[in-house]
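Chemist: Here you go, this is input_18.pdb (PDB, C-alpha atoms and all ligand atoms).
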```
MODEL        1
ATOM      1  CA  MET P   1     -93.516 -82.797-107.430
ATOM      2  CA  ALA P   2     -93.850 -81.090-104.067
ATOM      3  CA  ASP P   3     -90.530 -82.338-102.697
ATOM      4  CA  GLU P   4     -88.387 -81.221-105.637
ATOM      5  CA  LYS P   5     -85.704 -78.706-104.825
ATOM      6  CA  PRO P   6     -86.061 -75.273-106.458
ATOM      7  CA  TRP P   7     -84.064 -74.210-109.492
ATOM      8  CA  LYS P   8     -81.283 -71.754-108.657
ATOM      9  CA  ASP P   9     -79.336 -69.477-110.978
ATOM     10  CA  VAL P  10     -75.613 -70.215-110.834
ATOM     11  CA  ILE P  11     -73.912 -68.466-113.765
ATOM     12  CA  GLU P  12     -74.662 -66.803-117.091
ATOM     13  CA  VAL P  13     -74.179 -69.200-119.994
ATOM     14  CA  THR P  14     -71.881 -66.705-121.735
ATOM     15  CA  ARG P  15     -69.460 -66.809-118.772
ATOM     16  CA  LEU P  16     -68.863 -70.571-119.027
ATOM     17  CA  GLU P  17     -65.487 -71.797-120.173
ATOM     18  CA  LYS P  18     -66.255 -73.414-123.528
ATOM     19  CA  ASN P  19     -65.798 -77.217-123.425
ATOM     20  CA  TRP P  20     -64.256 -76.899-119.989
ATOM     21  CA  VAL P  21     -65.158 -76.719-116.305
ATOM     22  CA  THR P  22     -66.100 -73.509-114.488
ATOM     23  CA  ARG P  23     -66.148 -73.088-110.696
ATOM     24  CA  VAL P  24     -69.053 -71.249-109.090
ATOM     25  CA  GLU P  25     -70.073 -70.635-105.494
ATOM     26  CA  LEU P  26     -73.609 -71.372-104.364
ATOM     27  CA  GLY P  27     -73.973 -70.341-100.752
ATOM     28  CA  SER P  28     -71.182 -72.144 -98.923
ATOM     29  CA  ARG P  29     -70.806 -74.800-101.606
ATOM     30  CA  LEU P  30     -68.424 -74.916-104.534
ATOM     31  CA  ILE P  31     -70.066 -76.209-107.690
ATOM     32  CA  ALA P  32     -68.390 -77.350-110.893
ATOM     33  CA  ILE P  33     -70.237 -76.494-114.103
ATOM     34  CA  TYR P  34     -69.207 -78.502-117.170
ATOM     35  CA  ASP P  35     -69.766 -77.253-120.699
ATOM     36  CA  THR P  36     -69.891 -80.253-123.019
ATOM     37  CA  PRO P  37     -70.900 -81.005-126.609
ATOM     38  CA  SER P  38     -74.145 -82.522-125.302
ATOM     39  CA  GLY P  39     -75.076 -79.828-122.828
ATOM     40  CA  VAL P  40     -74.252 -78.366-119.453
ATOM     41  CA  PHE P  41     -73.814 -80.522-116.339
ATOM     42  CA  ALA P  42     -73.037 -79.744-112.703
ATOM     43  CA  SER P  43     -71.534 -81.461-109.674
ATOM     44  CA  LEU P  44     -70.072 -80.653-106.305
ATOM     45  CA  ALA P  45     -66.612 -79.276-107.026
ATOM     46  CA  LEU P  46     -64.765 -81.180-104.305
ATOM     47  CA  CYS P  47     -63.729 -84.732-105.127
ATOM     48  CA  ASN P  48     -65.349 -87.374-102.920
ATOM     49  CA  HIS P  49     -62.083 -89.318-102.709
ATOM     50  CA  GLY P  50     -59.788 -86.804-101.057
ATOM     51  CA  GLY P  51     -61.407 -83.393-101.329
ATOM     52  CA  ALA P  52     -59.409 -81.924-104.211
ATOM     53  CA  ASP P  53     -61.027 -79.232-106.331
ATOM     54  CA  LEU P  54     -62.165 -80.889-109.555
ATOM     55  CA  CYS P  55     -62.218 -77.479-111.244
ATOM     56  CA  ASP P  56     -58.419 -77.641-111.225
ATOM     57  CA  GLY P  57     -58.508 -81.012-112.960
ATOM     58  CA  TYR P  58     -58.399 -82.006-116.598
ATOM     59  CA  PHE P  59     -61.687 -82.077-118.501
ATOM     60  CA  ASP P  60     -62.181 -83.960-121.742
ATOM     61  CA  GLY P  61     -65.541 -84.632-123.391
ATOM     62  CA  HIS P  62     -67.696 -85.816-120.502
ATOM     63  CA  VAL P  63     -64.959 -86.894-118.080
ATOM     64  CA  ILE P  64     -63.410 -84.836-115.310
ATOM     65  CA  GLU P  65     -60.065 -86.077-114.004
ATOM     66  CA  CYS P  66     -59.190 -85.123-110.447
ATOM     67  CA  PRO P  67     -55.952 -83.126-110.139
ATOM     68  CA  LEU P  68     -54.791 -84.936-106.975
ATOM     69  CA  HIS P  69     -54.870 -88.700-107.674
ATOM     70  CA  GLN P  70     -56.278 -88.716-111.219
ATOM     71  CA  GLY P  71     -59.516 -90.459-110.290
ATOM     72  CA  ALA P  72     -62.136 -89.630-112.910
ATOM     73  CA  PHE P  73     -65.905 -89.236-113.158
ATOM     74  CA  ASP P  74     -68.445 -89.026-115.962
ATOM     75  CA  VAL P  75     -70.091 -85.642-115.420
ATOM     76  CA  ARG P  76     -73.382 -86.744-117.018
ATOM     77  CA  ASP P  77     -74.368 -88.969-114.094
ATOM     78  CA  GLY P  78     -71.383 -88.797-111.731
ATOM     79  CA  HIS P  79     -70.307 -92.406-112.016
ATOM     80  CA  PRO P  80     -66.613 -93.102-111.429
ATOM     81  CA  VAL P  81     -64.668 -94.149-114.518
ATOM     82  CA  SER P  82     -61.144 -94.378-113.134
ATOM     83  CA  ALA P  83     -59.603 -95.394-109.782
ATOM     84  CA  PRO P  84     -59.054 -94.388-107.077
ATOM     85  CA  ALA P  85     -62.512 -92.839-107.441
ATOM     86  CA  THR P  86     -64.998 -95.586-106.541
ATOM     87  CA  ARG P  87     -68.165 -93.739-105.470
ATOM     88  CA  PRO P  88     -70.381 -91.612-107.724
ATOM     89  CA  MET P  89     -69.902 -87.895-107.309
ATOM     90  CA  LYS P  90     -72.863 -85.704-106.417
ATOM     91  CA  VAL P  91     -74.414 -84.267-109.572
ATOM     92  CA  PHE P  92     -77.252 -81.792-109.928
ATOM     93  CA  GLU P  93     -80.098 -81.590-112.382
ATOM     94  CA  THR P  94     -79.185 -78.720-114.716
ATOM     95  CA  ARG P  95     -80.969 -76.558-117.268
ATOM     96  CA  ILE P  96     -80.548 -73.312-119.214
ATOM     97  CA  GLU P  97     -83.226 -70.690-118.616
ATOM     98  CA  ASN P  98     -83.173 -67.088-119.898
ATOM     99  CA  GLY P  99     -79.442 -67.239-120.510
ATOM    100  CA  MET P 100     -78.652 -68.595-117.051
ATOM    101  CA  VAL P 101     -77.400 -71.982-115.992
ATOM    102  CA  GLN P 102     -79.728 -73.259-113.296
ATOM    103  CA  ILE P 103     -79.352 -76.250-111.018
ATOM    104  CA  ARG P 104     -81.642 -77.942-108.554
ATOM    105  CA  ALA P 105     -79.884 -77.668-105.224
TER     106      ALA P 105
HETATM  107  S1  LIG K   1     -58.791 -86.496-104.297
HETATM  108 FE1  LIG K   1     -59.732 -86.905-106.209
HETATM  109  S2  LIG K   1     -59.018 -88.889-106.779
HETATM  110 FE2  LIG K   1     -58.130 -88.491-104.798
ENDMDL
END
```
Take the structure from the file and write it as structure tokens.

Modeler:
Amino acid sequence: MADEKPWKDVIEVTRLEKNWVTRVELGSRLIAIYDTPSGVFASLALCNHGGADLCDGYFDGHVIECPLHQGAFDVRDGHPVSAPATRPMKVFETRIENGMVQIRA
């Protein structure tokens, strides 16, 4: 589709924290990359509740728990799974290409 955003390299797959969250910078944005049993997912790193860095949170399976107020999100689609998080977090379409994690952003 003509209006799709381009794929951008963000990190080599081998540099990801296994089954954990890895922080990367993309321009001026901080992005959280999640390595999970069902693939790699990505979101904005800053929590949409109070701006804490989700990369400092606790990650288990497909759920990232914010380090500040313990709100939680499902990284597969961004939906909130635990209060005080109530709005979906911004997630990015993600793929692996030639050993690189790529996101549409
Ligand atoms: S800053 Fe993340 S739940 Fe409040």

Chemist: Run the PyMOL selection byres (((chain P and resi 38) around 12) and not hetatm) against the file shown and list the residues it catches, as a VMD selection string.

Modeler: chain P and resid 19 34 to 37 39 to 41 61 to 62 75 to 76

Chemist: Going by the chain IDs and residue numbers used in this file, which residues fall under the PyMOL selection byres (((chain P and resi 104) around 8) and not hetatm)? Write them as a PyMOL selection string.

Modeler: chain P and resi 5-8+92-94+102-103+105

Chemist: Between P:Val24, P:Val10, P:Leu54, P:Val81, which has the minimum distance to ligand LIG 1 (chain K) (counting all atoms listed in the file)?

Modeler: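 Looking at the shortest contact to ligand LIG 1 (chain K), the residue is P:Leu54.
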
Chemist: What is the CA of Arg15 (chain P)-CA of Asp53 (chain P) distance in Å, reported with one decimal?

Modeler: 19.5 Å

Chemist: Output the neighbourhood of ligand LIG 1 (chain K) as a list in words, that is, all protein and nucleic acid residues with some atom at most 7 Å from the ligand, counting only C-alpha atoms and all ligand atoms.

Modeler: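 Checking only C-alpha atoms and all ligand atoms against ligand LIG 1 (chain K) at 7 Å gives Cys47, Asn48, His49, Gly50, Gly51, Ala52, Cys66, Pro67, Leu68, His69, Gln70, Gly71, Ala72, Pro84 and Ala85 of chain P.
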
Chemist: What is the CA of Gly99 (chain P)-CA of Thr14 (chain P) distance in Å, reported with one decimal?

Modeler: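 It comes out at 7.7 Å.
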
Chemist: Can you tell me, as a PyMOL selection string, what residues are no more than 9 Å from Asp74 (chain P) when counting only C-alpha atoms, ignoring any on the same chain fewer than 5 positions away?

Modeler: chain P and resi 62-64+79-81+88-89

Chemist: So how far away is CA of Phe59 (chain P) from CA of Met100 (chain P), in Å?

Modeler: 21.7 Å

Chemist: Calculated over all atoms listed in the file, which of the candidates P:Gly78, P:Thr22, P:Glu97, P:Glu12 has the smallest distance to Asp56 (chain P)?

Modeler: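 Nearest candidate to Asp56 (chain P) out of P:Gly78, P:Thr22, P:Glu97, P:Glu12: P:Thr22.
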
Chemist: What residues come out when you apply the PyMOL selection byres (((chain P and resi 31) around 7) and not hetatm) to this file, written as a compact mmCIF listing (two decimals) with C-alpha atoms, keeping the file's coordinate frame?

Modeler:
```txt
# COMPACT_ATOMS: atom_id res chain seq x y z
CA ARG P 23 -66.15 -73.09 -110.70
CA VAL P 24 -69.05 -71.25 -109.09
CA GLU P 25 -70.07 -70.64 -105.49
CA LEU P 26 -73.61 -71.37 -104.36
CA ARG P 29 -70.81 -74.80 -101.61
CA LEU P 30 -68.42 -74.92 -104.53
CA ALA P 32 -68.39 -77.35 -110.89
CA ILE P 33 -70.24 -76.49 -114.10
CA ALA P 42 -73.04 -79.74 -112.70
CA SER P 43 -71.53 -81.46 -109.67
CA LEU P 44 -70.07 -80.65 -106.30
CA ALA P 45 -66.61 -79.28 -107.03
```

Chemist: Using all atoms listed in the file, can you tell me which of P:Trp20, P:Val13, P:Ser28, P:Lys90 comes closest to Asp77 (chain P)?

Modeler: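 Result for the nearest residue to Asp77 (chain P): P:Lys90.
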
Chemist: When you count only C-alpha atoms, which of these residues is closest to Asp60 (chain P): P:Phe73, P:Asp9, P:Leu16, P:Val91?

Modeler: P:Phe73

Chemist: Some atoms are missing, so please complete region 59-94 of chain P with N, CA and C atoms and return it as a compact mmCIF listing (two decimals), in the coordinates of the input.

Modeler:
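Contents of part.txt, as written:
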```
# COMPACT_ATOMS: atom_id res chain seq x y z
N PHE P 59 -60.35 -81.75 -118.02
CA PHE P 59 -61.69 -82.08 -118.50
C PHE P 59 -61.62 -82.40 -119.98
N ASP P 60 -62.21 -83.55 -120.35
CA ASP P 60 -62.18 -83.96 -121.74
C ASP P 60 -63.50 -84.64 -122.09
N GLY P 61 -64.27 -84.04 -122.97
CA GLY P 61 -65.54 -84.63 -123.39
C GLY P 61 -66.56 -84.58 -122.28
N HIS P 62 -66.76 -85.73 -121.62
CA HIS P 62 -67.70 -85.82 -120.50
C HIS P 62 -67.00 -86.30 -119.23
N VAL P 63 -65.68 -86.33 -119.21
CA VAL P 63 -64.96 -86.89 -118.08
C VAL P 63 -64.09 -85.83 -117.42
N ILE P 64 -64.26 -85.72 -116.09
CA ILE P 64 -63.41 -84.84 -115.31
C ILE P 64 -62.41 -85.71 -114.56
N GLU P 65 -61.12 -85.35 -114.70
CA GLU P 65 -60.06 -86.08 -114.00
C GLU P 65 -59.59 -85.23 -112.84
N CYS P 66 -59.59 -85.83 -111.66
CA CYS P 66 -59.19 -85.12 -110.45
C CYS P 66 -57.70 -84.76 -110.50
N PRO P 67 -57.36 -83.54 -110.06
CA PRO P 67 -55.95 -83.13 -110.14
C PRO P 67 -55.05 -83.79 -109.10
N LEU P 68 -55.64 -84.42 -108.06
CA LEU P 68 -54.79 -84.94 -106.98
C LEU P 68 -54.32 -86.36 -107.22
N HIS P 69 -55.26 -87.29 -107.48
CA HIS P 69 -54.87 -88.70 -107.67
C HIS P 69 -55.33 -89.23 -109.03
N GLN P 70 -55.86 -88.37 -109.86
CA GLN P 70 -56.28 -88.72 -111.22
C GLN P 70 -57.46 -89.69 -111.26
N GLY P 71 -58.23 -89.79 -110.18
CA GLY P 71 -59.52 -90.46 -110.29
C GLY P 71 -60.37 -89.68 -111.28
N ALA P 72 -61.34 -90.33 -111.89
CA ALA P 72 -62.14 -89.63 -112.91
C ALA P 72 -63.60 -90.01 -112.81
N PHE P 73 -64.45 -89.07 -113.23
CA PHE P 73 -65.90 -89.24 -113.16
C PHE P 73 -66.52 -88.80 -114.48
N ASP P 74 -67.62 -89.47 -114.84
CA ASP P 74 -68.44 -89.03 -115.96
C ASP P 74 -69.39 -87.96 -115.43
N VAL P 75 -69.32 -86.76 -115.97
CA VAL P 75 -70.09 -85.64 -115.42
C VAL P 75 -71.59 -85.76 -115.73
N ARG P 76 -71.96 -86.63 -116.66
CA ARG P 76 -73.38 -86.74 -117.02
C ARG P 76 -74.20 -87.38 -115.90
N ASP P 77 -73.63 -88.34 -115.20
CA ASP P 77 -74.37 -88.97 -114.09
C ASP P 77 -73.52 -89.14 -112.84
N GLY P 78 -72.25 -88.76 -112.91
CA GLY P 78 -71.38 -88.80 -111.73
C GLY P 78 -70.67 -90.11 -111.50
N HIS P 79 -70.91 -91.12 -112.34
CA HIS P 79 -70.31 -92.41 -112.02
C HIS P 79 -68.79 -92.37 -112.21
N PRO P 80 -68.07 -93.10 -111.32
CA PRO P 80 -66.61 -93.10 -111.43
C PRO P 80 -66.17 -93.92 -112.64
N VAL P 81 -65.16 -93.42 -113.34
CA VAL P 81 -64.67 -94.15 -114.52
C VAL P 81 -63.20 -94.53 -114.37
N SER P 82 -62.55 -94.05 -113.31
CA SER P 82 -61.14 -94.38 -113.13
C SER P 82 -60.79 -94.32 -111.66
N ALA P 83 -60.06 -95.34 -111.17
CA ALA P 83 -59.60 -95.39 -109.78
C ALA P 83 -58.58 -94.27 -109.54
N PRO P 84 -58.47 -93.82 -108.29
CA PRO P 84 -59.05 -94.39 -107.08
C PRO P 84 -60.48 -93.93 -106.78
N ALA P 85 -61.12 -93.20 -107.67
CA ALA P 85 -62.51 -92.84 -107.44
C ALA P 85 -63.37 -94.11 -107.55
N THR P 86 -64.17 -94.38 -106.54
CA THR P 86 -65.00 -95.59 -106.54
C THR P 86 -66.48 -95.29 -106.30
N ARG P 87 -66.77 -94.10 -105.76
CA ARG P 87 -68.17 -93.74 -105.47
C ARG P 87 -68.62 -92.66 -106.44
N PRO P 88 -69.88 -92.67 -106.84
CA PRO P 88 -70.38 -91.61 -107.72
C PRO P 88 -70.25 -90.24 -107.06
N MET P 89 -69.92 -89.25 -107.85
CA MET P 89 -69.90 -87.90 -107.31
C MET P 89 -71.32 -87.33 -107.34
N LYS P 90 -71.55 -86.33 -106.50
CA LYS P 90 -72.86 -85.70 -106.42
C LYS P 90 -73.06 -84.79 -107.62
N VAL P 91 -74.08 -85.11 -108.43
CA VAL P 91 -74.41 -84.27 -109.57
C VAL P 91 -75.77 -83.62 -109.33
N PHE P 92 -76.01 -82.54 -110.06
CA PHE P 92 -77.25 -81.79 -109.93
C PHE P 92 -77.98 -81.75 -111.27
N GLU P 93 -79.29 -81.81 -111.19
CA GLU P 93 -80.10 -81.59 -112.38
C GLU P 93 -79.82 -80.16 -112.87
N THR P 94 -79.64 -80.00 -114.16
CA THR P 94 -79.18 -78.72 -114.72
C THR P 94 -80.04 -78.34 -115.91
```
